[in-house]
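Asks: Here's a structure for you.
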Amino acid sequence: MEMEMRNSQEFFKDVLGEIKEIVKLPDQGCTSEVSGIVTGDGTYLLKSAFKEKYREWLKSEAEILESLSLQRSIPVPRYYGFMEDEHASHLLMSFEKGITLTAALKNAESIWEKQRLFRSFGQFIMQLHEQEPVFKTDFDWLETQLKRARIYAESGQADGSLQLLDQLIVNKPNYVKQTMIHGDSTTDNVLLIDGEVRMFIDVAGMTLGDPRYDEALAIRKIRNNPELLAAFYEGYTRYRVTEEEFRYFEEGLYEFF
């Protein structure tokens, strides 16, 4: 492990120059280890993944960030580099001075403030869904996700069962036009900057896909809170998922990811 760290430090030193300090951050994700790299020019974010499934996701995130860095049409952290070896994968990106929507909601002192935050969240998700697609694909997103879900379920890498997966395959919702989606649009995966939701993070699943999946994940914790749900839909006005669609995507498909 020490040799592994030396190799990664050498790689990022080549990218950033002299490294003063690497600090493990207090807020850690479920799929990667997150650290801050301090240099003479500033602070950068390092994500490291060690399990096969999560290394696959981290590589996807690196590819997406690198692609978006050329276009800057979607607000995401800036890509600086990616490396992988036998035991780990590492992604280097800009350190953004914002807080997650989850943290902002915890700090909110009134229902009015929470409503304002969810309204901003709804507007931000809608902007993504209505923009011109950045990525091109001929694949059906849901079909692809169901195939990936089977791989994860059969290898013991998912909470969802094969029985649940068979139900999802049989009961697929009607097709809708694919849009740009985040792919894991929970309150953990957007940043609040200057009081508004303004940036996506953890973008491994960003692609052309079913916008109802994003919508279902965005409202998963407020589904039974009429005031906050109404505020979200004041911002997100393009469509409202049905109860059946919500259950399919949030209580069904999301169990595999």
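Chain labels run A, B, ... following the order of the structure tokens; each chain numbers its residues from 1, and ligands are numbered from 1 in the order shown.
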To test your reading of the structure, identify every residue in range 22-244 of chain A that backbone DSSP assigns to alpha helix (DSSP H), and report it as a VMD selection string.

Replies: chain A and resid 52 to 69 101 to 107 111 to 130 141 to 154 162 to 170 211 to 218 226 to 235 243 to 244

Asks: If we count only C-alpha atoms and set the cut-off at 12 Å, which residues sit around Thr31 in chain A, ignoring sequence neighbours fewer than 6 positions away in its own chain? Please answer as a PDB file with all heavy atoms, in the first residue's frame.

Replies:
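Saved file result-v5.pdb follows:
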ATOM      1  N   LYS A  47     -10.206  11.488  -5.382  1.00  0.00           N
ATOM      2  CA  LYS A  47     -11.101  10.373  -5.068  1.00  0.00           C
ATOM      3  C   LYS A  47     -10.375   9.079  -5.396  1.00  0.00           C
ATOM      4  O   LYS A  47      -9.837   8.933  -6.502  1.00  0.00           O
ATOM      5  CB  LYS A  47     -12.401  10.472  -5.864  1.00  0.00           C
ATOM      6  CG  LYS A  47     -13.308  11.601  -5.447  1.00  0.00           C
ATOM      7  CD  LYS A  47     -14.569  11.655  -6.302  1.00  0.00           C
ATOM      8  CE  LYS A  47     -15.500  10.490  -6.049  1.00  0.00           C
ATOM      9  NZ  LYS A  47     -16.781  10.627  -6.780  1.00  0.00           N
ATOM     10  N   SER A  48     -10.394   8.132  -4.458  1.00  0.00           N
ATOM     11  CA  SER A  48      -9.726   6.847  -4.653  1.00  0.00           C
ATOM     12  C   SER A  48     -10.717   5.726  -4.397  1.00  0.00           C
ATOM     13  O   SER A  48     -11.428   5.734  -3.390  1.00  0.00           O
ATOM     14  CB  SER A  48      -8.537   6.713  -3.695  1.00  0.00           C
ATOM     15  OG  SER A  48      -7.614   7.772  -3.897  1.00  0.00           O
ATOM     16  N   ALA A  49     -10.766   4.762  -5.297  1.00  0.00           N
ATOM     17  CA  ALA A  49     -11.665   3.619  -5.165  1.00  0.00           C
ATOM     18  C   ALA A  49     -10.854   2.333  -5.215  1.00  0.00           C
ATOM     19  O   ALA A  49      -9.839   2.246  -5.918  1.00  0.00           O
ATOM     20  CB  ALA A  49     -12.702   3.625  -6.285  1.00  0.00           C
ATOM     21  N   PHE A  50     -11.340   1.309  -4.473  1.00  0.00           N
ATOM     22  CA  PHE A  50     -10.564   0.083  -4.320  1.00  0.00           C
ATOM     23  C   PHE A  50     -11.336  -1.174  -4.735  1.00  0.00           C
ATOM     24  O   PHE A  50     -10.723  -2.141  -5.164  1.00  0.00           O
ATOM     25  CB  PHE A  50     -10.090  -0.040  -2.866  1.00  0.00           C
ATOM     26  CG  PHE A  50      -9.325   1.173  -2.400  1.00  0.00           C
ATOM     27  CD1 PHE A  50      -9.963   2.205  -1.736  1.00  0.00           C
ATOM     28  CD2 PHE A  50      -7.971   1.298  -2.672  1.00  0.00           C
ATOM     29  CE1 PHE A  50      -9.267   3.341  -1.337  1.00  0.00           C
ATOM     30  CE2 PHE A  50      -7.259   2.414  -2.268  1.00  0.00           C
ATOM     31  CZ  PHE A  50      -7.911   3.438  -1.601  1.00  0.00           C
ATOM     32  N   LYS A  51     -12.660  -1.173  -4.630  1.00  0.00           N
ATOM     33  CA  LYS A  51     -13.446  -2.320  -5.049  1.00  0.00           C
ATOM     34  C   LYS A  51     -13.729  -2.240  -6.542  1.00  0.00           C
ATOM     35  O   LYS A  51     -13.869  -1.156  -7.101  1.00  0.00           O
ATOM     36  CB  LYS A  51     -14.763  -2.391  -4.265  1.00  0.00           C
ATOM     37  CG  LYS A  51     -14.578  -2.679  -2.784  1.00  0.00           C
ATOM     38  CD  LYS A  51     -15.921  -2.822  -2.086  1.00  0.00           C
ATOM     39  CE  LYS A  51     -15.742  -3.165  -0.613  1.00  0.00           C
ATOM     40  NZ  LYS A  51     -17.040  -3.326   0.084  1.00  0.00           N
ATOM     41  N   GLU A  52     -13.839  -3.417  -7.182  1.00  0.00           N
ATOM     42  CA  GLU A  52     -13.983  -3.474  -8.636  1.00  0.00           C
ATOM     43  C   GLU A  52     -15.144  -2.628  -9.154  1.00  0.00           C
ATOM     44  O   GLU A  52     -14.990  -1.840 -10.099  1.00  0.00           O
ATOM     45  CB  GLU A  52     -14.171  -4.931  -9.072  1.00  0.00           C
ATOM     46  CG  GLU A  52     -14.335  -5.093 -10.579  1.00  0.00           C
ATOM     47  CD  GLU A  52     -14.598  -6.541 -10.978  1.00  0.00           C
ATOM     48  OE1 GLU A  52     -14.588  -7.426 -10.100  1.00  0.00           O
ATOM     49  OE2 GLU A  52     -14.823  -6.770 -12.170  1.00  0.00           O
ATOM     50  N   LYS A  53     -16.306  -2.772  -8.540  1.00  0.00           N
ATOM     51  CA  LYS A  53     -17.493  -2.038  -8.984  1.00  0.00           C
ATOM     52  C   LYS A  53     -17.266  -0.537  -8.891  1.00  0.00           C
ATOM     53  O   LYS A  53     -17.587   0.222  -9.817  1.00  0.00           O
ATOM     54  CB  LYS A  53     -18.696  -2.453  -8.128  1.00  0.00           C
ATOM     55  CG  LYS A  53     -19.989  -1.713  -8.419  1.00  0.00           C
ATOM     56  CD  LYS A  53     -21.079  -2.210  -7.477  1.00  0.00           C
ATOM     57  CE  LYS A  53     -22.401  -1.504  -7.698  1.00  0.00           C
ATOM     58  NZ  LYS A  53     -23.451  -1.986  -6.767  1.00  0.00           N
ATOM     59  N   TYR A  54     -16.696  -0.102  -7.786  1.00  0.00           N
ATOM     60  CA  TYR A  54     -16.512   1.328  -7.570  1.00  0.00           C
ATOM     61  C   TYR A  54     -15.358   1.894  -8.398  1.00  0.00           C
ATOM     62  O   TYR A  54     -15.370   3.070  -8.783  1.00  0.00           O
ATOM     63  CB  TYR A  54     -16.302   1.613  -6.085  1.00  0.00           C
ATOM     64  CG  TYR A  54     -17.463   1.142  -5.239  1.00  0.00           C
ATOM     65  CD1 TYR A  54     -17.267   0.618  -3.959  1.00  0.00           C
ATOM     66  CD2 TYR A  54     -18.766   1.204  -5.728  1.00  0.00           C
ATOM     67  CE1 TYR A  54     -18.341   0.175  -3.195  1.00  0.00           C
ATOM     68  CE2 TYR A  54     -19.840   0.759  -4.974  1.00  0.00           C
ATOM     69  CZ  TYR A  54     -19.615   0.249  -3.706  1.00  0.00           C
ATOM     70  OH  TYR A  54     -20.686  -0.187  -2.955  1.00  0.00           O
ATOM     71  N   ARG A  55     -14.371   1.051  -8.713  1.00  0.00           N
ATOM     72  CA  ARG A  55     -13.308   1.488  -9.613  1.00  0.00           C
ATOM     73  C   ARG A  55     -13.872   1.714 -11.019  1.00  0.00           C
ATOM     74  O   ARG A  55     -13.477   2.646 -11.720  1.00  0.00           O
ATOM     75  CB  ARG A  55     -12.179   0.454  -9.643  1.00  0.00           C
ATOM     76  CG  ARG A  55     -11.398   0.371  -8.349  1.00  0.00           C
ATOM     77  CD  ARG A  55     -10.241  -0.611  -8.445  1.00  0.00           C
ATOM     78  NE  ARG A  55      -9.235  -0.145  -9.400  1.00  0.00           N
ATOM     79  CZ  ARG A  55      -8.111  -0.786  -9.657  1.00  0.00           C
ATOM     80  NH1 ARG A  55      -7.850  -1.948  -9.060  1.00  0.00           N
ATOM     81  NH2 ARG A  55      -7.241  -0.298 -10.520  1.00  0.00           N
ATOM     82  N   GLU A  56     -14.790   0.844 -11.413  1.00  0.00           N
ATOM     83  CA  GLU A  56     -15.469   1.008 -12.708  1.00  0.00           C
ATOM     84  C   GLU A  56     -16.213   2.334 -12.743  1.00  0.00           C
ATOM     85  O   GLU A  56     -16.141   3.075 -13.741  1.00  0.00           O
ATOM     86  CB  GLU A  56     -16.437  -0.153 -12.909  1.00  0.00           C
ATOM     87  CG  GLU A  56     -17.332  -0.044 -14.127  1.00  0.00           C
ATOM     88  CD  GLU A  56     -18.464  -1.055 -14.103  1.00  0.00           C
ATOM     89  OE1 GLU A  56     -18.253  -2.177 -13.596  1.00  0.00           O
ATOM     90  OE2 GLU A  56     -19.567  -0.725 -14.581  1.00  0.00           O
ATOM     91  N   TRP A  57     -16.915   2.655 -11.663  1.00  0.00           N
ATOM     92  CA  TRP A  57     -17.660   3.914 -11.598  1.00  0.00           C
ATOM     93  C   TRP A  57     -16.714   5.108 -11.627  1.00  0.00           C
ATOM     94  O   TRP A  57     -16.992   6.123 -12.278  1.00  0.00           O
ATOM     95  CB  TRP A  57     -18.515   3.946 -10.334  1.00  0.00           C
ATOM     96  CG  TRP A  57     -19.656   2.979 -10.340  1.00  0.00           C
ATOM     97  CD1 TRP A  57     -19.961   2.067 -11.310  1.00  0.00           C
ATOM     98  CD2 TRP A  57     -20.651   2.817  -9.329  1.00  0.00           C
ATOM     99  NE1 TRP A  57     -21.077   1.349 -10.958  1.00  0.00           N
ATOM    100  CE2 TRP A  57     -21.526   1.775  -9.747  1.00  0.00           C
ATOM    101  CE3 TRP A  57     -20.880   3.432  -8.112  1.00  0.00           C
ATOM    102  CZ2 TRP A  57     -22.614   1.364  -8.977  1.00  0.00           C
ATOM    103  CZ3 TRP A  57     -21.967   3.019  -7.340  1.00  0.00           C
ATOM    104  CH2 TRP A  57     -22.823   1.995  -7.778  1.00  0.00           C
ATOM    105  N   LEU A  58     -15.596   5.008 -10.905  1.00  0.00           N
ATOM    106  CA  LEU A  58     -14.652   6.125 -10.850  1.00  0.00           C
ATOM    107  C   LEU A  58     -14.034   6.389 -12.217  1.00  0.00           C
ATOM    108  O   LEU A  58     -13.841   7.539 -12.618  1.00  0.00           O
ATOM    109  CB  LEU A  58     -13.560   5.855  -9.807  1.00  0.00           C
ATOM    110  CG  LEU A  58     -12.708   7.064  -9.411  1.00  0.00           C
ATOM    111  CD1 LEU A  58     -13.559   8.111  -8.701  1.00  0.00           C
ATOM    112  CD2 LEU A  58     -11.542   6.646  -8.522  1.00  0.00           C
ATOM    113  N   SER A  89      -7.840   2.904  -8.005  1.00  0.00           N
ATOM    114  CA  SER A  89      -7.999   3.914  -9.053  1.00  0.00           C
ATOM    115  C   SER A  89      -8.109   5.273  -8.378  1.00  0.00           C
ATOM    116  O   SER A  89      -8.691   5.391  -7.290  1.00  0.00           O
ATOM    117  CB  SER A  89      -9.252   3.643  -9.888  1.00  0.00           C
ATOM    118  OG  SER A  89      -9.185   2.360 -10.490  1.00  0.00           O
ATOM    119  N   ASP A 202     -20.115  13.749  -8.358  1.00  0.00           N
ATOM    120  CA  ASP A 202     -20.323  12.299  -8.476  1.00  0.00           C
ATOM    121  C   ASP A 202     -21.091  11.959  -9.754  1.00  0.00           C
ATOM    122  O   ASP A 202     -22.196  11.427  -9.715  1.00  0.00           O
ATOM    123  CB  ASP A 202     -21.053  11.751  -7.249  1.00  0.00           C
ATOM    124  CG  ASP A 202     -20.195  11.827  -5.998  1.00  0.00           C
ATOM    125  OD1 ASP A 202     -18.970  11.980  -6.130  1.00  0.00           O
ATOM    126  OD2 ASP A 202     -20.739  11.739  -4.892  1.00  0.00           O
ATOM    127  N   ALA A 204     -20.564   9.831 -12.308  1.00  0.00           N
ATOM    128  CA  ALA A 204     -20.249   8.591 -13.026  1.00  0.00           C
ATOM    129  C   ALA A 204     -21.403   8.104 -13.900  1.00  0.00           C
ATOM    130  O   ALA A 204     -21.188   7.433 -14.914  1.00  0.00           O
ATOM    131  CB  ALA A 204     -19.856   7.494 -12.038  1.00  0.00           C
ATOM    132  N   PHE A 257     -27.946  -0.160  -7.737  1.00  0.00           N
ATOM    133  CA  PHE A 257     -26.873   0.811  -7.970  1.00  0.00           C
ATOM    134  C   PHE A 257     -26.576   1.631  -6.724  1.00  0.00           C
ATOM    135  O   PHE A 257     -25.533   2.173  -6.567  1.00  0.00           O
ATOM    136  CB  PHE A 257     -27.231   1.730  -9.131  1.00  0.00           C
ATOM    137  CG  PHE A 257     -27.414   0.967 -10.423  1.00  0.00           C
ATOM    138  CD1 PHE A 257     -28.676   0.554 -10.818  1.00  0.00           C
ATOM    139  CD2 PHE A 257     -26.331   0.637 -11.205  1.00  0.00           C
ATOM    140  CE1 PHE A 257     -28.850  -0.170 -12.006  1.00  0.00           C
ATOM    141  CE2 PHE A 257     -26.494  -0.076 -12.395  1.00  0.00           C
ATOM    142  CZ  PHE A 257     -27.757  -0.480 -12.786  1.00  0.00           C
TER     143      PHE A 257
END

Asks: Do you have the CA of Leu191 in chain A-CA of Phe256 in chain A distance handy?

Replies: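 Atom-to-atom, CA of Leu191 in chain A and CA of Phe256 in chain A are spaced 24.7 Å apart.
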
Asks: Quick one: of A:Gly29, A:Gly36, A:Gly42, A:Gly252, who's nearest to Ala158 in chain A, counting only C-alpha atoms?

Replies: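 Looking at the shortest contact to Ala158 in chain A, the residue is A:Gly252.
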
Asks: If we count only C-alpha atoms, what is near range 102-112 of chain A at a cut-off of 8 Å, once residues fewer than 4 positions away on the same chain are taken out, given as a list in words?

Replies: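 Once the nearby chain positions are removed, what remains is Arg116, Leu117, Thr187, Asp188 and Leu192 of chain A.
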
Asks: For Asn225 in chain A, please output as an NGL selection string all residues within 12 Å (counting only C-alpha atoms; exclusion window: fewer than 6 positions along the same chain).

Replies: :A and (111 or 114-115 or 118 or 219 or 231-232)

Asks: Of the residues A:Tyr44, A:Tyr254, A:Phe11, A:Tyr233, which is the one nearest to Val23 in chain A, using only C-alpha atoms?

Replies: A:Tyr44

Asks: Do you know which residues are at most 9 Å from range 170-174 of chain A counting only C-alpha atoms, after dropping those on the same chain fewer than 6 positions away, and could you put them as a PyMOL selection string?

Replies: chain A and resi 142+244-245+248

Asks: Please dump the current selection as a short mmCIF file (atom, residue, chain, number, x, y, z; two decimals), in the first residue's frame; keep all heavy atoms.

Replies:
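Done, and the output landed in out-v1.cif:
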data_model
loop_
_atom_site.label_atom_id
_atom_site.label_comp_id
_atom_site.auth_asym_id
_atom_site.auth_seq_id
_atom_site.Cartn_x
_atom_site.Cartn_y
_atom_site.Cartn_z
N LEU A 142 -32.43 2.35 -20.29
CA LEU A 142 -33.03 1.43 -19.33
C LEU A 142 -32.61 -0.01 -19.62
O LEU A 142 -32.30 -0.76 -18.68
CB LEU A 142 -34.56 1.55 -19.35
CG LEU A 142 -35.32 0.67 -18.35
CD1 LEU A 142 -34.80 0.88 -16.93
CD2 LEU A 142 -36.82 0.95 -18.42
N GLU A 244 -46.42 4.79 -9.67
CA GLU A 244 -45.86 3.57 -10.24
C GLU A 244 -44.45 3.80 -10.78
O GLU A 244 -43.56 2.96 -10.58
CB GLU A 244 -46.76 3.04 -11.36
CG GLU A 244 -48.12 2.52 -10.90
CD GLU A 244 -49.10 3.64 -10.53
OE1 GLU A 244 -48.85 4.82 -10.93
OE2 GLU A 244 -50.08 3.34 -9.83
N GLU A 245 -44.24 4.92 -11.44
CA GLU A 245 -42.91 5.24 -11.97
C GLU A 245 -41.92 5.46 -10.84
O GLU A 245 -40.77 5.00 -10.91
CB GLU A 245 -42.98 6.48 -12.86
CG GLU A 245 -43.70 6.23 -14.18
CD GLU A 245 -44.03 7.51 -14.92
OE1 GLU A 245 -44.13 8.59 -14.27
OE2 GLU A 245 -44.18 7.46 -16.15
N TYR A 248 -40.96 2.12 -9.44
CA TYR A 248 -40.11 1.38 -10.38
C TYR A 248 -38.66 1.85 -10.30
O TYR A 248 -37.73 1.02 -10.20
CB TYR A 248 -40.63 1.54 -11.81
CG TYR A 248 -39.86 0.71 -12.82
CD1 TYR A 248 -40.28 -0.57 -13.15
CD2 TYR A 248 -38.69 1.21 -13.42
CE1 TYR A 248 -39.56 -1.34 -14.05
CE2 TYR A 248 -37.97 0.44 -14.30
CZ TYR A 248 -38.41 -0.84 -14.62
OH TYR A 248 -37.69 -1.61 -15.50
#

Asks: So which residues touch Gln123 in chain A within 10 Å, counting only C-alpha atoms, skipping near sequence neighbours fewer than 2 positions away, as a ChimeraX atom specification?

Replies: /A:117-121,125-129,197-198,232-238

Asks: Those same residues, written as a PDB file, in the first residue's frame with C-alpha atoms?

Replies:
ATOM      1  CA  LEU A 117     -33.599  24.920  -1.493  1.00  0.00           C
ATOM      2  CA  PHE A 118     -35.823  22.261  -3.039  1.00  0.00           C
ATOM      3  CA  ARG A 119     -37.208  24.785  -5.510  1.00  0.00           C
ATOM      4  CA  SER A 120     -33.647  25.570  -6.573  1.00  0.00           C
ATOM      5  CA  PHE A 121     -32.903  21.841  -6.815  1.00  0.00           C
ATOM      6  CA  ILE A 125     -32.429  19.282 -12.513  1.00  0.00           C
ATOM      7  CA  MET A 126     -34.867  20.649 -15.089  1.00  0.00           C
ATOM      8  CA  GLN A 127     -32.139  22.725 -16.743  1.00  0.00           C
ATOM      9  CA  LEU A 128     -30.113  19.547 -17.245  1.00  0.00           C
ATOM     10  CA  HIS A 129     -33.063  17.615 -18.655  1.00  0.00           C
ATOM     11  CA  VAL A 197     -27.911  24.635  -6.303  1.00  0.00           C
ATOM     12  CA  ARG A 198     -25.297  25.206  -8.993  1.00  0.00           C
ATOM     13  CA  PHE A 232     -39.505  20.936  -5.816  1.00  0.00           C
ATOM     14  CA  TYR A 233     -42.197  20.899  -8.497  1.00  0.00           C
ATOM     15  CA  GLU A 234     -42.369  24.683  -8.515  1.00  0.00           C
ATOM     16  CA  GLY A 235     -38.828  24.436  -9.859  1.00  0.00           C
ATOM     17  CA  TYR A 236     -39.175  21.224 -11.855  1.00  0.00           C
ATOM     18  CA  THR A 237     -42.200  21.851 -14.055  1.00  0.00           C
ATOM     19  CA  ARG A 238     -41.570  19.597 -17.068  1.00  0.00           C
TER      20      ARG A 238
END

Asks: Can you measure CA of Ser60 in chain A to CA of Asp214 in chain A for me? One decimal in Å is fine.

Replies: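 For CA of Ser60 in chain A relative to CA of Asp214 in chain A, the distance reads 17.9 Å.
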
Asks: From a backbone DSSP assignment, name each residue in range 27-200 of chain A labelled strand (DSSP E or B), as an MDAnalysis selection string.

Replies: chainID A and resid 33:39 42:49 79:84 89:94 99:100 179:181 190:193 196:200
